$ cat input.cif   # mmCIF, C-alpha atoms and all ligand atoms
data_structure
loop_
_atom_site.label_atom_id
_atom_site.label_comp_id
_atom_site.auth_asym_id
_atom_site.auth_seq_id
_atom_site.Cartn_x
_atom_site.Cartn_y
_atom_site.Cartn_z
CA MET A 1 -6.38 -32.77 -6.85
CA ILE A 2 -3.60 -30.25 -6.23
CA TYR A 3 -4.91 -27.60 -3.87
CA LEU A 4 -2.86 -24.39 -3.95
CA ASP A 5 -5.43 -21.96 -2.54
CA ASN A 6 -4.63 -22.28 1.15
CA SER A 7 -4.83 -18.53 1.81
CA ALA A 8 -8.50 -18.66 0.83
CA THR A 9 -9.11 -21.56 3.15
CA THR A 10 -7.43 -24.75 4.32
CA LYS A 11 -8.52 -28.36 4.56
CA PRO A 12 -9.79 -29.10 8.08
CA ASP A 13 -7.47 -31.42 9.98
CA PRO A 14 -9.12 -34.79 10.82
CA GLY A 15 -8.28 -34.31 14.52
CA VAL A 16 -10.03 -30.92 14.46
CA LEU A 17 -13.11 -32.45 12.85
CA LYS A 18 -13.12 -35.26 15.38
CA SER A 19 -12.94 -32.90 18.36
CA PHE A 20 -15.80 -30.82 16.90
CA GLU A 21 -17.93 -33.91 16.30
CA GLN A 22 -17.27 -35.37 19.76
CA ILE A 23 -18.00 -32.17 21.66
CA SER A 24 -21.10 -31.44 19.52
CA SER A 25 -22.46 -34.95 20.14
CA HIS A 26 -21.64 -35.41 23.80
CA TYR A 27 -21.47 -31.93 25.33
CA PHE A 28 -24.16 -30.02 23.50
CA ALA A 29 -25.57 -28.30 26.60
CA ASN A 30 -25.66 -24.52 26.85
CA PRO A 31 -22.66 -23.52 29.01
CA SER A 32 -24.86 -20.92 30.74
CA SER A 33 -27.36 -23.55 31.92
CA ILE A 34 -27.07 -24.12 35.66
CA HIS A 35 -27.60 -27.90 35.57
CA PRO A 36 -24.50 -30.14 35.70
CA PHE A 37 -24.65 -30.87 31.95
CA GLY A 38 -24.37 -27.13 31.29
CA GLY A 39 -21.58 -27.01 33.87
CA GLU A 40 -19.64 -29.63 31.92
CA ALA A 41 -19.95 -27.58 28.72
CA GLU A 42 -18.81 -24.49 30.62
CA LYS A 43 -15.83 -26.38 31.99
CA LEU A 44 -14.85 -27.41 28.44
CA LEU A 45 -15.17 -23.84 27.22
CA ASN A 46 -12.98 -22.56 30.05
CA MET A 47 -10.45 -25.29 29.39
CA ALA A 48 -10.37 -24.33 25.68
CA LYS A 49 -9.79 -20.73 26.68
CA LYS A 50 -7.01 -21.66 29.08
CA GLN A 51 -5.28 -23.76 26.42
CA ALA A 52 -5.67 -21.05 23.77
CA ALA A 53 -4.11 -18.58 26.21
CA GLU A 54 -1.18 -20.93 26.86
CA LEU A 55 -0.58 -21.45 23.16
CA LEU A 56 -0.77 -17.72 22.40
CA LYS A 57 1.20 -16.86 25.57
CA VAL A 58 -1.48 -14.46 26.82
CA ARG A 59 -3.91 -14.48 29.77
CA GLN A 60 -7.04 -16.59 29.74
CA GLU A 61 -9.33 -13.57 30.14
CA GLU A 62 -7.73 -11.98 27.07
CA VAL A 63 -9.09 -14.66 24.71
CA VAL A 64 -12.47 -14.02 23.03
CA PHE A 65 -13.89 -16.76 20.81
CA THR A 66 -15.43 -15.35 17.61
CA SER A 67 -16.80 -16.64 14.31
CA GLY A 68 -13.62 -15.80 12.35
CA GLY A 69 -11.44 -13.08 10.91
CA THR A 70 -14.15 -10.78 9.62
CA GLU A 71 -15.89 -10.69 12.98
CA GLY A 72 -12.63 -10.25 14.90
CA ASN A 73 -11.55 -7.31 12.73
CA ASN A 74 -14.95 -5.60 12.93
CA MET A 75 -15.17 -6.21 16.66
CA ALA A 76 -11.74 -4.69 17.22
CA ILE A 77 -12.02 -1.67 14.93
CA LYS A 78 -15.63 -0.62 15.55
CA GLY A 79 -15.34 -1.67 19.19
CA ILE A 80 -12.41 0.69 19.83
CA ALA A 81 -13.90 3.50 17.73
CA LEU A 82 -17.29 3.47 19.45
CA GLN A 83 -15.90 2.99 22.94
CA HIS A 84 -13.19 5.67 22.78
CA GLN A 85 -14.67 8.27 20.43
CA GLN A 86 -14.82 10.90 23.19
CA ARG A 87 -11.04 10.88 23.20
CA GLY A 88 -10.65 11.20 19.44
CA LYS A 89 -11.99 10.08 16.09
CA HIS A 90 -8.85 9.38 14.09
CA VAL A 91 -7.82 5.91 12.91
CA ILE A 92 -4.64 4.91 11.04
CA THR A 93 -4.49 1.89 8.75
CA THR A 94 -2.92 0.95 5.39
CA GLU A 95 -4.02 0.76 1.77
CA ILE A 96 -3.49 -3.01 1.65
CA GLU A 97 -5.74 -4.28 4.42
CA HIS A 98 -8.26 -7.08 3.93
CA PRO A 99 -11.80 -5.83 3.11
CA SER A 100 -12.92 -6.74 6.65
CA VAL A 101 -10.59 -4.00 7.93
CA PHE A 102 -10.87 -1.61 4.99
CA GLU A 103 -14.68 -1.66 4.86
CA ALA A 104 -14.95 -1.47 8.66
CA CYS A 105 -12.85 1.72 8.46
CA LYS A 106 -14.97 3.02 5.58
CA SER A 107 -18.08 2.47 7.70
CA LEU A 108 -16.51 4.53 10.48
CA GLU A 109 -16.05 7.42 8.05
CA THR A 110 -19.82 7.49 7.57
CA LEU A 111 -20.10 7.94 11.35
CA GLY A 112 -17.80 10.99 11.35
CA PHE A 113 -14.44 9.29 11.97
CA ASP A 114 -11.36 10.31 10.02
CA VAL A 115 -9.25 7.44 8.66
CA THR A 116 -5.71 7.71 7.25
CA TYR A 117 -4.91 4.95 4.74
CA LEU A 118 -1.12 4.79 4.51
CA PRO A 119 0.64 3.76 1.29
CA VAL A 120 3.09 0.87 0.98
CA ASP A 121 6.36 0.49 -0.93
CA GLN A 122 6.80 -1.79 -3.97
CA SER A 123 7.32 -4.78 -1.69
CA GLY A 124 3.92 -4.14 -0.12
CA VAL A 125 5.32 -2.94 3.21
CA VAL A 126 4.17 0.12 5.18
CA SER A 127 6.76 2.48 6.65
CA VAL A 128 6.90 2.87 10.44
CA LYS A 129 8.02 6.47 9.90
CA ASP A 130 4.83 7.13 7.92
CA ILE A 131 2.80 5.74 10.81
CA GLN A 132 4.65 7.96 13.25
CA LYS A 133 4.04 11.02 11.03
CA ALA A 134 0.33 10.18 10.73
CA ILE A 135 -0.23 10.07 14.52
CA ARG A 136 -2.31 13.01 15.75
CA GLU A 137 -3.62 14.27 19.05
CA ASP A 138 -6.98 12.61 18.29
CA THR A 139 -5.63 9.23 17.04
CA ILE A 140 -7.22 6.35 18.95
CA LEU A 141 -6.38 3.31 16.84
CA ILE A 142 -3.70 1.90 14.52
CA SER A 143 -4.75 -1.23 12.60
CA VAL A 144 -2.15 -3.03 10.49
CA MET A 145 -2.20 -6.58 9.16
CA HIS A 146 0.74 -8.89 9.85
CA VAL A 147 0.89 -10.74 6.52
CA ASN A 148 -0.87 -9.50 3.39
CA ASN A 149 -3.25 -12.06 1.95
CA GLU A 150 -2.50 -11.38 -1.74
CA LEU A 151 1.24 -10.74 -1.74
CA GLY A 152 2.49 -12.36 1.44
CA SER A 153 4.31 -9.15 2.39
CA ILE A 154 5.22 -9.01 6.09
CA GLN A 155 4.53 -5.78 7.96
CA PRO A 156 6.97 -4.52 10.63
CA ILE A 157 4.59 -5.34 13.48
CA LYS A 158 7.22 -5.37 16.22
CA GLU A 159 8.50 -1.91 15.23
CA ILE A 160 4.95 -0.55 15.01
CA ALA A 161 4.21 -2.09 18.42
CA ASP A 162 7.38 -0.43 19.82
CA LEU A 163 6.08 2.89 18.49
CA ALA A 164 2.51 2.30 19.71
CA ALA A 165 3.81 1.44 23.18
CA THR A 166 5.11 5.01 23.48
CA TYR A 167 1.57 6.32 22.94
CA PRO A 168 -0.40 4.76 25.81
CA LYS A 169 -3.66 6.29 24.60
CA ILE A 170 -3.49 4.72 21.14
CA PHE A 171 -4.67 1.13 20.67
CA PHE A 172 -2.85 -1.13 18.20
CA HIS A 173 -4.75 -3.90 16.40
CA VAL A 174 -3.07 -6.59 14.28
CA ASP A 175 -4.90 -8.74 11.74
CA ASP A 176 -2.88 -11.96 11.99
CA VAL A 177 -5.25 -14.12 9.94
CA GLN A 178 -2.59 -14.91 7.30
CA GLY A 179 0.46 -14.78 9.54
CA LEU A 180 -0.51 -17.23 12.26
CA GLY A 181 1.58 -20.40 12.10
CA LYS A 182 3.70 -19.10 9.21
CA VAL A 183 5.41 -15.95 10.52
CA PRO A 184 5.99 -15.91 14.29
CA LEU A 185 4.52 -12.98 16.24
CA SER A 186 4.68 -12.37 19.97
CA LEU A 187 1.40 -11.13 21.42
CA SER A 188 3.02 -10.46 24.77
CA HIS A 189 4.52 -7.26 23.31
CA PRO A 190 3.09 -4.43 25.43
CA GLY A 191 2.36 -2.38 22.29
CA ILE A 192 -0.13 -4.90 20.84
CA ASN A 193 -3.65 -4.56 22.26
CA LEU A 194 -5.75 -6.60 19.84
CA CYS A 195 -5.08 -9.45 17.43
CA THR A 196 -7.40 -11.29 15.05
CA ILE A 197 -7.12 -15.01 14.26
CA SER A 198 -9.30 -17.16 12.01
CA GLY A 199 -9.80 -20.93 12.40
CA HIS A 200 -10.32 -21.92 8.78
CA LYS A 201 -6.94 -20.53 7.67
CA ILE A 202 -5.09 -22.91 10.02
CA ASN A 203 -6.81 -26.22 9.19
CA GLY A 204 -9.61 -25.42 11.61
CA LEU A 205 -13.28 -24.92 10.84
CA LYS A 206 -15.15 -22.08 9.17
CA GLY A 207 -17.12 -20.07 11.69
CA THR A 208 -14.37 -20.22 14.33
CA GLY A 209 -11.91 -17.56 15.39
CA ILE A 210 -10.21 -15.76 18.27
CA LEU A 211 -9.83 -12.10 19.05
CA TYR A 212 -7.06 -11.35 21.51
CA VAL A 213 -8.08 -8.33 23.62
CA ASP A 214 -5.45 -7.41 26.19
CA ASN A 215 -6.74 -6.66 29.64
CA ARG A 216 -6.07 -2.92 29.38
CA THR A 217 -8.39 -2.60 26.38
CA THR A 218 -12.13 -1.93 26.50
CA LEU A 219 -14.41 -2.38 23.48
CA PHE A 220 -17.95 -1.36 22.63
CA PRO A 221 -19.60 -4.73 21.90
CA LEU A 222 -21.05 -5.40 18.44
CA PHE A 223 -23.56 -7.89 19.84
CA HIS A 224 -25.66 -7.16 22.91
CA GLY A 225 -27.58 -9.84 24.72
CA GLY A 226 -26.77 -12.43 27.34
CA GLU A 227 -23.36 -10.91 28.18
CA GLN A 228 -21.31 -13.98 27.24
CA GLU A 229 -17.56 -13.67 26.55
CA ARG A 230 -17.00 -10.92 29.17
CA ASN A 231 -19.94 -9.07 27.63
CA LEU A 232 -17.87 -8.54 24.47
CA ARG A 233 -19.84 -11.00 22.36
CA SER A 234 -23.29 -12.04 23.48
CA GLY A 235 -24.79 -15.23 22.13
CA THR A 236 -24.70 -18.89 23.19
CA GLU A 237 -21.08 -19.95 23.00
CA ASN A 238 -19.88 -22.33 20.29
CA VAL A 239 -18.20 -24.79 22.65
CA ALA A 240 -17.39 -27.38 19.98
CA GLY A 241 -16.05 -24.67 17.64
CA SER A 242 -13.92 -23.22 20.45
CA VAL A 243 -12.43 -26.61 21.35
CA SER A 244 -11.80 -27.27 17.66
CA ILE A 245 -9.93 -24.00 17.03
CA VAL A 246 -7.70 -24.69 20.02
CA LYS A 247 -6.87 -28.08 18.51
CA ALA A 248 -6.07 -26.36 15.19
CA LEU A 249 -3.96 -23.77 17.01
CA ARG A 250 -1.95 -26.47 18.76
CA LEU A 251 -1.31 -28.31 15.49
CA ILE A 252 -0.28 -25.19 13.55
CA LYS A 253 2.04 -24.06 16.36
CA ASP A 254 3.72 -27.49 16.24
CA LYS A 255 4.14 -27.19 12.48
CA GLU A 256 5.44 -23.63 12.82
CA THR A 257 8.18 -25.03 15.03
CA SER A 258 9.02 -28.17 13.07
CA MET A 259 8.10 -27.58 9.42
CA LEU A 260 8.71 -23.93 8.57
CA ASP A 261 11.99 -24.73 6.80
CA HIS A 262 10.14 -27.22 4.60
CA LEU A 263 7.59 -24.56 3.65
CA TYR A 264 10.33 -22.05 2.74
CA GLU A 265 12.04 -24.76 0.69
CA VAL A 266 8.88 -25.54 -1.30
CA GLN A 267 8.30 -21.80 -1.84
CA ALA A 268 11.89 -21.32 -3.06
CA PHE A 269 11.41 -24.23 -5.47
CA LEU A 270 8.20 -22.65 -6.78
CA LEU A 271 9.83 -19.21 -7.20
CA HIS A 272 12.79 -20.76 -8.99
CA ARG A 273 10.55 -22.61 -11.44
CA LEU A 274 8.36 -19.55 -12.05
CA LYS A 275 11.43 -17.44 -12.82
CA ASP A 276 12.21 -19.84 -15.66
CA ILE A 277 8.96 -18.96 -17.43
CA SER A 278 9.59 -15.85 -19.55
CA GLU A 279 5.90 -14.82 -19.64
CA VAL A 280 5.72 -14.66 -15.82
CA ASP A 281 6.45 -11.59 -13.64
CA ILE A 282 6.79 -12.34 -9.95
CA ASN A 283 5.07 -9.78 -7.70
CA THR A 284 5.87 -11.23 -4.29
CA ALA A 285 9.02 -9.62 -2.88
CA GLU A 286 12.09 -11.39 -1.47
CA LYS A 287 11.28 -11.34 2.23
CA ALA A 288 7.69 -12.56 2.14
CA ALA A 289 5.73 -15.08 4.16
CA PRO A 290 6.56 -18.68 3.20
CA HIS A 291 3.12 -19.73 1.98
CA ILE A 292 2.15 -17.07 -0.59
CA VAL A 293 3.50 -16.42 -4.09
CA ASN A 294 1.85 -13.82 -6.31
CA PHE A 295 2.75 -13.49 -9.97
CA SER A 296 1.32 -12.01 -13.16
CA VAL A 297 1.11 -13.28 -16.70
CA PRO A 298 0.57 -9.97 -18.52
CA GLY A 299 -1.73 -10.26 -21.51
CA ILE A 300 -3.66 -13.24 -20.18
CA LYS A 301 -6.74 -12.86 -18.02
CA PRO A 302 -6.18 -14.70 -14.75
CA GLU A 303 -9.56 -16.45 -15.00
CA VAL A 304 -8.41 -18.11 -18.23
CA ILE A 305 -5.40 -19.68 -16.53
CA ILE A 306 -7.41 -20.59 -13.43
CA HIS A 307 -10.00 -22.45 -15.52
CA MET A 308 -7.38 -24.20 -17.64
CA LEU A 309 -5.60 -25.41 -14.50
CA ALA A 310 -8.90 -26.37 -12.88
CA GLU A 311 -9.54 -28.74 -15.77
CA LYS A 312 -6.43 -30.59 -14.55
CA GLU A 313 -7.72 -30.43 -10.95
CA ILE A 314 -5.13 -27.81 -9.94
CA PHE A 315 -6.64 -25.03 -7.89
CA ILE A 316 -5.09 -21.57 -7.54
CA SER A 317 -6.70 -18.12 -7.27
CA THR A 318 -6.69 -14.51 -8.36
CA LYS A 319 -6.27 -11.94 -5.62
CA SER A 320 -8.09 -12.88 -2.42
CA ALA A 321 -11.20 -15.03 -2.35
CA CYS A 322 -13.17 -12.13 -0.87
CA SER A 323 -12.41 -9.70 -3.68
CA SER A 324 -11.80 -12.07 -6.59
CA LYS A 325 -15.33 -11.72 -7.92
CA GLN A 326 -15.12 -7.94 -7.96
CA SER A 327 -13.16 -5.56 -10.20
CA ASP A 328 -10.44 -6.85 -12.51
CA GLU A 329 -7.63 -4.92 -10.92
CA SER A 330 -5.84 -5.94 -7.74
CA LYS A 331 -6.09 -2.95 -5.42
CA ILE A 332 -3.19 -4.35 -3.41
CA LEU A 333 -0.83 -4.61 -6.40
CA ALA A 334 -1.93 -1.15 -7.54
CA ALA A 335 -1.02 0.21 -4.07
CA CYS A 336 2.48 -1.28 -4.57
CA GLY A 337 2.82 0.71 -7.80
CA PHE A 338 2.74 -2.19 -10.28
CA SER A 339 1.72 -1.47 -13.89
CA ARG A 340 -1.91 -2.07 -14.91
CA ALA A 341 -0.77 -4.94 -17.17
CA ARG A 342 0.39 -6.66 -13.99
CA THR A 343 -2.40 -5.62 -11.63
CA ILE A 344 -5.08 -7.08 -13.92
CA SER A 345 -3.28 -10.36 -14.58
CA ALA A 346 -2.25 -11.44 -11.10
CA LEU A 347 -2.49 -14.98 -9.77
CA ARG A 348 -1.90 -16.29 -6.28
CA VAL A 349 -0.51 -19.66 -5.30
CA SER A 350 -0.80 -20.37 -1.59
CA LEU A 351 0.86 -23.37 0.00
CA SER A 352 0.18 -25.55 3.01
CA PHE A 353 2.67 -27.46 5.14
CA GLU A 354 1.56 -30.55 3.22
CA THR A 355 2.34 -29.16 -0.27
CA THR A 356 5.12 -31.15 -2.00
CA LYS A 357 7.70 -30.22 -4.65
CA GLU A 358 6.14 -32.87 -6.91
CA GLU A 359 2.82 -31.02 -6.74
CA ILE A 360 4.59 -27.74 -7.53
CA GLN A 361 6.35 -29.31 -10.50
CA HIS A 362 3.03 -30.64 -11.79
CA PHE A 363 1.51 -27.16 -11.38
CA ILE A 364 4.45 -25.55 -13.25
CA ASP A 365 4.20 -28.04 -16.13
CA ASN A 366 0.50 -27.32 -16.49
CA LEU A 367 0.95 -23.56 -16.15
CA LYS A 368 3.45 -23.64 -19.03
CA LYS A 369 1.02 -25.71 -21.10
CA ALA A 370 -1.83 -23.29 -20.35
CA ILE A 371 0.26 -20.26 -21.39
CA ASN A 372 1.39 -21.95 -24.62
CA GLN A 373 -2.13 -23.10 -25.43
CA PHE A 374 -3.42 -19.56 -24.94
CA LYS A 375 -0.69 -18.13 -27.15
CA LYS A 376 -1.48 -20.65 -29.92
CA VAL A 377 -5.17 -19.74 -29.89
CA MET A 378 -4.26 -16.04 -30.13
CA GLU A 379 -1.87 -16.52 -33.07
C1 LIG B 1 -5.79 -10.98 6.10
C2 LIG B 1 -7.20 -11.46 6.28
N1 LIG B 1 -7.96 -10.91 7.23
C3 LIG B 1 -9.22 -11.31 7.46
C4 LIG B 1 -9.80 -12.31 6.70
C5 LIG B 1 -11.22 -12.72 6.97
O1 LIG B 1 -11.25 -13.94 7.66
P1 LIG B 1 -12.57 -14.87 7.67
O2 LIG B 1 -12.65 -15.51 6.34
O3 LIG B 1 -12.29 -15.85 8.79
O4 LIG B 1 -13.72 -13.98 7.98
C6 LIG B 1 -9.05 -12.90 5.70
C7 LIG B 1 -9.65 -13.94 4.82
O5 LIG B 1 -9.23 -14.16 3.71
C8 LIG B 1 -7.71 -12.48 5.48
O6 LIG B 1 -6.95 -13.03 4.53
#
$ encode --input "input.cif" --output "structure tokens" --more "lines below"
Ligand SMILES: Cc1ncc(COP(=O)(O)O)c(C=O)c1O
Amino acid sequence: MIYLDNSATTKPDPGVLKSFEQISSHYFANPSSIHPFGGEAEKLLNMAKKQAAELLKVRQEEVVFTSGGTEGNNMAIKGIALQHQQRGKHVITTEIEHPSVFEACKSLETLGFDVTYLPVDQSGVVSVKDIQKAIREDTILISVMHVNNELGSIQPIKEIADLAATYPKIFFHVDDVQGLGKVPLSLSHPGINLCTISGHKINGLKGTGILYVDNRTTLFPLFHGGEQERNLRSGTENVAGSVSIVKALRLIKDKETSMLDHLYEVQAFLLHRLKDISEVDINTAEKAAPHIVNFSVPGIKPEVIIHMLAEKEIFISTKSACSSKQSDESKILAACGFSRARTISALRVSLSFETTKEEIQHFIDNLKKAINQFKKVME
């Protein structure tokens, strides 16, 4: 099998699985229980939090364990909106956010909030000037993703954080689900208040995640109950999941340091080979994240190519996994201004640190075959 759909999800690392299994088997007590067995689970949870904080270079109390990216984004966006609505009801975001941000913002509109969805340029990048122009007296939140999940475009997070830092009353949330481990980002920047991370995108487990909430930021909780996680997320804590995501975080940070060049090299190889195929138009711009390549084969439905490749056990995707079963057109590519021929025929290849050039070559050979086979049938 050649798995090239790592932006949809990644293969769990064996070490991550082992830590989850061990903690689940041996430390299954409820960390809130007052007996010593509960105390041991609580100690493990606190240790996981401390280690996560060290790896992310933030404070321990700023780490909130969640169930993943969708929860983190909803918790951040609705949490800020509901908590700070007396101060204002205006939110700024972009047209290319993941549905867990976009739909969270849409839901706020039904509650009387006003949301500005900023456009992007052809590379899929939002302009900091546009953000500055959109800021109003009643703006309470800016939410911008770090790396786009379909295109791999990198947003100017540091510049937006510099801008946000000059507006102490505006919170800035970053969805770093696709960027973590691939495009470095410093959370210690004073302009960043919230940041979403998902475990299953970094060789961790589904159902695990982290929301960074800096200690100046207050949120209205989505879940009320036993007041766990600083009362931000009630519910019995997932100790094994929390330990496992910290393990995944440590591993991906190591790879970010030692293997990023390799990832860029494999991506360059892929781009080079794709450019040789006359039927292919590459949509991903020059300065993109190293693990995502988006391209179109105008005139051929992406599902056709995906199924033909799947027969050879090569797995790629159209758009993002979350929206790939919906309308034909990529909303993200449309926002970049691509023609309809391209927005309805887009494919995404997403790499892992383990992807090899041999696998890419095999994919390219089979992509060429699939295109030629399709053309023959249509003759
Ligand atoms: C940019 C981005 N944000 C958020 C999510 C949602 O994360 P999860 O699947 O952990 O809910 C995804 C998942 O594809 C994503 O790509």
$ residues_around --input "input.cif" --residues "segment 193-209 of chain A" --least-positions-apart "6" --cutoff "9 Å" --atoms "only C-alpha atoms" --output "ChimeraX atom specification"
/A:6-13,16-17,20,64-73,76,171-181,187,215-217,238,241-242,244-249,251-252
$ axis_aligned_box --input "input.cif" --around "segment 216-232 of chain A" --padding-each-side "6 Å" --output "AutoDock Vina command-line options"
--center_x -16.8 --center_y -7.7 --center_z 23.9 --size_x 33.5 --size_y 24.6 --size_z 22.9
$ closest_residue --input "input.cif" --among "A:Thr139, A:Thr318, A:Thr355, A:Ser32" --to "Glu303 of chain A" --atoms "all atoms listed in the file"
A:Thr318
$ residues_near_point --input "input.cif" --point "(-9.4, 10.3, 11.8)" --cutoff "9 Å" --atoms "only C-alpha atoms" --output "MDAnalysis selection string"
chainID A and resid 88:92 109 112:116 136 138:140
$ closest_residue --input "input.cif" --among "A:Val293, A:Leu55, A:Val239, A:Ile192" --to "Ala165 of chain A" --atoms "all atoms listed in the file"
A:Ile192
$ atom_distance --input "input.cif" --atom1 "atom CA of His98 of chain A" --atom2 "atom CA of Ala48 of chain A"
27.8 Å
$ residues_around --input "input.cif" --residues "Lys375 of chain A" --least-positions-apart "3" --cutoff "12 Å" --atoms "only C-alpha atoms" --output "ChimeraX atom specification"
/A:279,297-300,304-305,368-372,378-379
$ residues_around --input "input.cif" --residues "His224 of chain A" --least-positions-apart "2" --cutoff "9 Å" --atoms "all atoms listed in the file" --output "MDAnalysis selection string"
chainID A and resid 221:222 226:227 231:235
$ atom_distance --input "input.cif" --atom1 "atom CA of Asn294 of chain A" --atom2 "atom CA of Gly152 of chain A"
7.9 Å
$ atom_distance --input "input.cif" --atom1 "atom CA of Leu185 of chain A" --atom2 "atom CA of Glu95 of chain A"
21.7 Å
$ residues_around --input "input.cif" --residues "Arg273 of chain A" --least-positions-apart "5" --cutoff "9 Å" --atoms "all atoms listed in the file" --output "count of residues only"
4
$ closest_residue --input "input.cif" --among "A:Gly225, A:Gln122, A:Tyr264, A:Ile96" --to "Ser339 of chain A" --atoms "all atoms listed in the file"
A:Gln122
$ closest_residue --input "input.cif" --among "A:Val101, A:Leu141, A:Ile157, A:Ile316" --to "ligand LIG 1 (chain B)" --atoms "only C-alpha atoms and all ligand atoms"
A:Val101
$ closest_residue --input "input.cif" --among "A:Ala288, A:Leu163, A:Val147, A:Ala240" --to "ligand LIG 1 (chain B)" --atoms "all atoms listed in the file"
A:Val147
$ residues_around --input "input.cif" --residues "Ser317 of chain A" --least-positions-apart "5" --cutoff "12 Å" --atoms "all atoms listed in the file" --output "VMD selection string"
chain A and resid 3 to 9 149 to 150 292 to 296 301 to 307 309 to 310 322 to 325 345 to 351
$ closest_residue --input "input.cif" --among "A:Lys357, A:His84, A:His26, A:His262" --to "Leu44 of chain A" --atoms "only C-alpha atoms"
A:His26
